[in-house]
Amino acid sequence: MRQLPVLVLVVAALGVFYLAFFSGEDSTQPGPVGPQLTTSEGSGVSTVQDEPPTELQKPSNSGGLAEVPAAVDRLTVETPHAILANSISGRVVAGGKGVKGATVTLTKFGRMASLFGPVSGNQREEDRVKETDKNGEFVFRNVETYTELSLIAKHPELGRKEEGNLQIAEGEAREGLVITLGDGVRLHGRVNDTSGNPISGASLLLGMANLGSISDDGSPDTLSTTSTPDGSYEFASVGNGNYSMTVQAEGFGRVTIQQMNVTGQAAVQRDVILDVAYMIGGTVLSEDGRPLAKATVQAFSMTNRAETTRSAVETNAAGEFLFSDVSEGVYTLMFIAEGFKNEREPRVETGEMGLNKTMTPLPQIRGRVVDGLGEPVANFTVLLRNPVQGTETTMAMPDTAKNVKNSKDGAFALSCPNHGTFVVEAKDDKHAPSFSEPFEIVYGQELTGVVVQLSEGGILRGRVVDAKGEGIRGARIKTHDTEYSDDPFWRSLPAFPSEATEKEVRTNASGDFEITGLSAATYQVDVRHAKFAQTIKTGVVIVDGDMVELPEIQLAAGATISGTVHGPSGAGLSGAMVQLQLEGGAQDFQVNLTTRTDAQGRYTFSHVPSGSYHIHAQRRGSDNPFQGSLDLQKTKKRISVNEGDSYVQEFNISN
C-alpha cells in the first residue's frame with residue numbers, strides 16, 4: 001500500500017466531514033430540500049416558488065449527450081450470497097456452568113468500532129440476537145464475512161461482557177467460543193436537589209461512553225432506571241467499562257455525567273444533584289422573515305469536565321422553541337433546519353426568552369438524470385461529491401443522498417451543504433454510477449440545468465482456478481478502491497476520495513465471474529473462498545464502456561498456523577486473542593487475521609498466504625487497561641510460512 005497518498009486522502013476525507021457537520025462560519029446541515037420547497041404531484045421531486053434560478057452553463061466542448069457504448073454479452077454468475085456457510089457458535093458460562101436465557105448479540109459495532117465515533121441505534125439495526133439454551137449454548141448461522149465482529153452477552157443477574165476482534169472468513173464455522181459472565185458491579189446512588197431533598201421519578205440512562213459522549217438512546221446497550229421516592233436508584237449488574245449517565249426529572253435541569261469508569265467487582269456509588277430547571281426560548285426565521293417549523297435547536301453547556309448539559313427541542317408551526325430542562329448557566333445553541341445552513345449562537349444565558357435566529361438558505365441545485373439515449377430515468381439516487389484538490393477524483397459528501405422515485409422527467413432537486421465546487425452523482429439498478437460536470441455555487445443561489453447521463457460503465461471479467469487449473473465455484477469477488485484496507489478505521493471514515501464502485505459476485509461452476517456497471521476508476525479486486533488463501537489484485541483500471549479481462553486468478557491452499565496460548569499457571573487460556581499481520585512491503589496488499597482461542601486455549605489460522613508475518617497473543621480483558629499492550633509486546637514473534645506447510649506457534653503469557 002502507498003502509505004503517504006493514503007494518508008493525504010484520509011486527511012482530505014476527514015476535512016470534508018468536518019466542514020459538512022461541525023459548527024463555524026461555513027458549518028452547514030446536509031440533507032434534502034428544506035421547508036421553502038413544495039412537492040409537485042407525481043414528479044417525486046421538489047419545486048421552488050422563488051426568484052428565477054441561475055442556468056447552468058455547459059462547457060463549450062460538451063457537444064451534447066455522449067453516445068454510450070453497447071454492453072458486451074453477459075455471463076451467468078452466482079448471486080452475491082448464494083453460498084454462505086459461515087457460522088459462529090459458543091457458550092455463555094458463569095461459575096463454570098452454562099447460563100440459560102442470556103442474550104447474545106452479534107454486531108459490527110462493538111467497542112473497537114466505537115473508538116472512531118459514537119454508535120447510534122440506527123447503526124445497530126443489523127445486529128442479530130440469540131438467547132442461550134439450557135446449556136448456555138448459542139449459534140449464529142449464515143454470518144456475513146467480516147473482519148471486526150463482536151459478541152455481546154448479557155443477563156439480568158450478571159454483568160455485560162463483550163468479546164471483540166472476531167474475524168469470520170469465507171465458509172468458516174467458528175466454534176467453541178466461551179463467554180464468561182461475572183456478577184457485575186452494582187452502580188447505585190441518590191438523586192437529590194440542591195437543598196438535599198430526594199427527587200422521585202428521575203429518569204437515568206446509562207450508556208457506553210464513546211469519545212466522551214453517551215451512546216444513542218436507541219442503542220441496545222443503553223440501560224435505564226428510575227429513582228424511587230427516597231431518591232435512590234440502582235443498576236444491579238453493570239459490566240466493567242467506561243460509561244456516561246444522563247439524569248433528568250420534571251422541573252429540573254438535565255445533567256450528563258461523563259466518563260464513569262467501572263472496574264473490578266466492588267459496588268460503585270454515584271450521587272447526583274439536580275438544579276431547578278431554567279428556560280431559554282426564541283424564534284427561528286428564514287431570511288425573508290418566515291417562521292421555520294420543525295427546525296432542531298440544540299443546547300450545550302459544560303459545567304466541568306465531569307458533567308455536561310445537553311438538550312434538544314423542535315420549533316413549532318410559528319418557529320418558536322423553548323428549553324425547559326436546562327440548569328442555570330451559559331449555553332451554546334445550534335440551529336439545524338433542512339435546506340438551511342447550520343447556525344450557532346454562543347454564550348446564551350438561561351432566562352433569555354426573546355432570542356430570534358435568522359437562518360441562511362443553502363444553495364439549491366436542480367437537474368435531470370437521463371440514460372445513454374437521453375431518455376429520462378424514473379427511479380434513481382442522487383448525491384453530491386466534492387472534487388479533491390490536486391487529484392482527478394471526487395469524494396462523496398456525507399448525508400446528501402436523495403432517492404427519487406417515479407419521476408416522469410428524471411428531475412431532481414438537492415441542497416448543497418455549503419458553497420463551493422461540486423459534482424452530482426446519480427445511480428440506479430441498471431447503470432454504473434455516473435457524474436455531472438463540475439459546477440460552482442454560492443449561498444442563496446439556485447442552479448438549474450445540471451444533467452447526469454447514466455452509462456453502462458465498465459465490465460470486469462475473470463476466472464478463478466486452483467493449482468491444477470480447475471475452476472473454483474463460489475469464490476467471492478468484491479471490488480473496492482485500489483487503496484482500500486479492510487479495517488475498522490477505514491470503514492469508520494464518513495467519506496473517501498474515490499469514484500470506485502463496490503460490488504460483489506460469486507464465481508459460477510466454471511470459476512468464471514463478471515461484474516458490470518463499474519464506474520471508471522482504479523480498483524482493488526478481493527478474491528476469497530473457504531478452502532483457499534485470500535488474494536487481492538490491485539491497480540485494476542476500469543474505463544467506461546470497456547471490458548477488462550483479468551489474467552487467470554490462481555488461488556493457493558495456503559499454510560496452517562496453530563498452537564496454544566498458555567497463561568501464568570501453564571494452563572490454556574480461553575478466549576485469548578491471537579493476531580497475524582503480514583510484514584509491511586511484502587505485498588501490495590495487507591493481511592490482518594485475528595482469531596480467539598477455544599476453551600482449551602487452542603487456536604488455528606487456516607489458508608494463510610505465503611509470506612513473513614508478525615504474530616502475537618493477548619489475554620482477554622483484564623482490570624489493567626495496559627495489560628493488553630504489555631501482552632502484545634511480550635509475545636510478539638516473527639514467522640515465515642510457505643504454501644502447503646503447517647506450523648505450530650506456542651505462546652506463554654506471564655504476569
# chains A, B, ... in the order shown; residues from 1 in each chain; ligands from 1
$ residues_around --residues "A:Ala467" --least-positions-apart "3" --cutoff "9 Å" --atoms "only C-alpha atoms" --output "list in words"
Glu470, Gln554, Leu555, Ala556 and Ala557 of chain A
$ residues_around --residues "A:Ser455" --least-positions-apart "5" --cutoff "7 Å" --atoms "only C-alpha atoms" --output "PyMOL selection string"
chain A and resi 68+371-372+431-432+434
$ write_last_selection --atoms "C-alpha atoms" --output "short mmCIF file (atom, residue, chain, number, x, y, z; two decimals), in the first residue's frame"
data_model
loop_
_atom_site.label_atom_id
_atom_site.label_comp_id
_atom_site.auth_asym_id
_atom_site.auth_seq_id
_atom_site.Cartn_x
_atom_site.Cartn_y
_atom_site.Cartn_z
CA VAL A 68 -22.78 5.22 -24.58
CA ASP A 371 -29.91 7.32 -19.83
CA GLY A 372 -27.45 6.81 -22.67
CA HIS A 431 -26.30 1.54 -14.90
CA ALA A 432 -22.94 2.42 -13.43
CA SER A 434 -22.30 8.44 -13.28
#
$ closest_residue --among "A:Gly231, A:Pro361, A:Gly289, A:Gly95" --to "A:Ser415" --atoms "only C-alpha atoms"
A:Pro361
$ residues_around --residues "A:Thr107" --least-positions-apart "6" --cutoff "8 Å" --atoms "only C-alpha atoms" --output "ChimeraX atom specification"
/A:124,126-128,149-152
$ residues_around --residues "A:Thr560" --least-positions-apart "4" --cutoff "9 Å" --atoms "only C-alpha atoms" --output "list in words"
Thr604, Phe605, Ser606, His607, Val608, Val641, Glu643, Gly644, Asp645, Ser646, Tyr647 and Val648 of chain A
$ write_last_selection --atoms "C-alpha atoms" --output "short mmCIF file (atom, residue, chain, number, x, y, z; two decimals), in the first residue's frame"
data_model
loop_
_atom_site.label_atom_id
_atom_site.label_comp_id
_atom_site.auth_asym_id
_atom_site.auth_seq_id
_atom_site.Cartn_x
_atom_site.Cartn_y
_atom_site.Cartn_z
CA THR A 604 -5.79 -22.14 14.31
CA PHE A 605 -5.23 -19.97 11.23
CA SER A 606 -6.09 -21.84 8.04
CA HIS A 607 -5.30 -20.93 4.42
CA VAL A 608 -2.67 -18.31 5.27
CA VAL A 641 5.19 -19.61 6.09
CA GLU A 643 2.46 -22.84 0.66
CA GLY A 644 1.02 -26.14 1.91
CA ASP A 645 3.04 -26.29 5.15
CA SER A 646 1.80 -26.45 8.74
CA TYR A 647 3.37 -24.56 11.62
CA VAL A 648 2.99 -24.66 15.39
#
$ atom_distance --atom1 "atom CA of A:Val442" --atom2 "atom CA of A:Ala521"
29.4 Å
$ decode --residues "stretch 365-382 of chain A" --atoms "N, CA and C atoms" --output "PDB file, in the first residue's frame"
ATOM      1  N   ILE A 365     -29.818  23.067  -6.084  1.00  0.00           N
ATOM      2  CA  ILE A 365     -29.400  22.523  -7.377  1.00  0.00           C
ATOM      3  C   ILE A 365     -30.566  21.739  -7.969  1.00  0.00           C
ATOM      4  N   ARG A 366     -30.823  21.973  -9.245  1.00  0.00           N
ATOM      5  CA  ARG A 366     -31.882  21.242  -9.934  1.00  0.00           C
ATOM      6  C   ARG A 366     -31.339  20.709 -11.257  1.00  0.00           C
ATOM      7  N   GLY A 367     -31.809  19.561 -11.634  1.00  0.00           N
ATOM      8  CA  GLY A 367     -31.349  18.990 -12.885  1.00  0.00           C
ATOM      9  C   GLY A 367     -32.131  17.761 -13.270  1.00  0.00           C
ATOM     10  N   ARG A 368     -31.561  16.986 -14.188  1.00  0.00           N
ATOM     11  CA  ARG A 368     -32.219  15.789 -14.700  1.00  0.00           C
ATOM     12  C   ARG A 368     -31.219  14.654 -14.799  1.00  0.00           C
ATOM     13  N   VAL A 369     -31.751  13.434 -14.674  1.00  0.00           N
ATOM     14  CA  VAL A 369     -30.959  12.221 -14.882  1.00  0.00           C
ATOM     15  C   VAL A 369     -31.529  11.515 -16.099  1.00  0.00           C
ATOM     16  N   VAL A 370     -30.654  11.232 -17.074  1.00  0.00           N
ATOM     17  CA  VAL A 370     -31.084  10.590 -18.315  1.00  0.00           C
ATOM     18  C   VAL A 370     -30.211   9.373 -18.592  1.00  0.00           C
ATOM     19  N   ASP A 371     -30.698   8.494 -19.463  1.00  0.00           N
ATOM     20  CA  ASP A 371     -29.910   7.317 -19.832  1.00  0.00           C
ATOM     21  C   ASP A 371     -29.012   7.642 -21.026  1.00  0.00           C
ATOM     22  N   GLY A 372     -28.393   6.613 -21.582  1.00  0.00           N
ATOM     23  CA  GLY A 372     -27.451   6.815 -22.666  1.00  0.00           C
ATOM     24  C   GLY A 372     -28.071   7.360 -23.933  1.00  0.00           C
ATOM     25  N   LEU A 373     -29.390   7.216 -24.083  1.00  0.00           N
ATOM     26  CA  LEU A 373     -30.094   7.737 -25.256  1.00  0.00           C
ATOM     27  C   LEU A 373     -30.718   9.103 -24.987  1.00  0.00           C
ATOM     28  N   GLY A 374     -30.493   9.624 -23.785  1.00  0.00           N
ATOM     29  CA  GLY A 374     -31.060  10.918 -23.443  1.00  0.00           C
ATOM     30  C   GLY A 374     -32.467  10.857 -22.902  1.00  0.00           C
ATOM     31  N   GLU A 375     -32.982   9.627 -22.675  1.00  0.00           N
ATOM     32  CA  GLU A 375     -34.331   9.473 -22.149  1.00  0.00           C
ATOM     33  C   GLU A 375     -34.307   9.619 -20.625  1.00  0.00           C
ATOM     34  N   PRO A 376     -35.360  10.217 -20.033  1.00  0.00           N
ATOM     35  CA  PRO A 376     -35.369  10.410 -18.574  1.00  0.00           C
ATOM     36  C   PRO A 376     -35.407   9.086 -17.822  1.00  0.00           C
ATOM     37  N   VAL A 377     -34.742   9.059 -16.674  1.00  0.00           N
ATOM     38  CA  VAL A 377     -34.727   7.888 -15.793  1.00  0.00           C
ATOM     39  C   VAL A 377     -35.722   8.148 -14.668  1.00  0.00           C
ATOM     40  N   ALA A 378     -36.566   7.166 -14.354  1.00  0.00           N
ATOM     41  CA  ALA A 378     -37.659   7.376 -13.398  1.00  0.00           C
ATOM     42  C   ALA A 378     -37.231   7.178 -11.951  1.00  0.00           C
ATOM     43  N   ASN A 379     -36.394   6.164 -11.682  1.00  0.00           N
ATOM     44  CA  ASN A 379     -36.021   5.821 -10.306  1.00  0.00           C
ATOM     45  C   ASN A 379     -34.506   5.826 -10.168  1.00  0.00           C
ATOM     46  N   PHE A 380     -34.000   6.621  -9.249  1.00  0.00           N
ATOM     47  CA  PHE A 380     -32.551   6.740  -9.105  1.00  0.00           C
ATOM     48  C   PHE A 380     -32.220   7.393  -7.766  1.00  0.00           C
ATOM     49  N   THR A 381     -30.932   7.422  -7.455  1.00  0.00           N
ATOM     50  CA  THR A 381     -30.414   8.116  -6.274  1.00  0.00           C
ATOM     51  C   THR A 381     -29.405   9.153  -6.725  1.00  0.00           C
ATOM     52  N   VAL A 382     -29.487  10.340  -6.166  1.00  0.00           N
ATOM     53  CA  VAL A 382     -28.509  11.386  -6.461  1.00  0.00           C
ATOM     54  C   VAL A 382     -27.841  11.820  -5.160  1.00  0.00           C
TER      55      VAL A 382
END
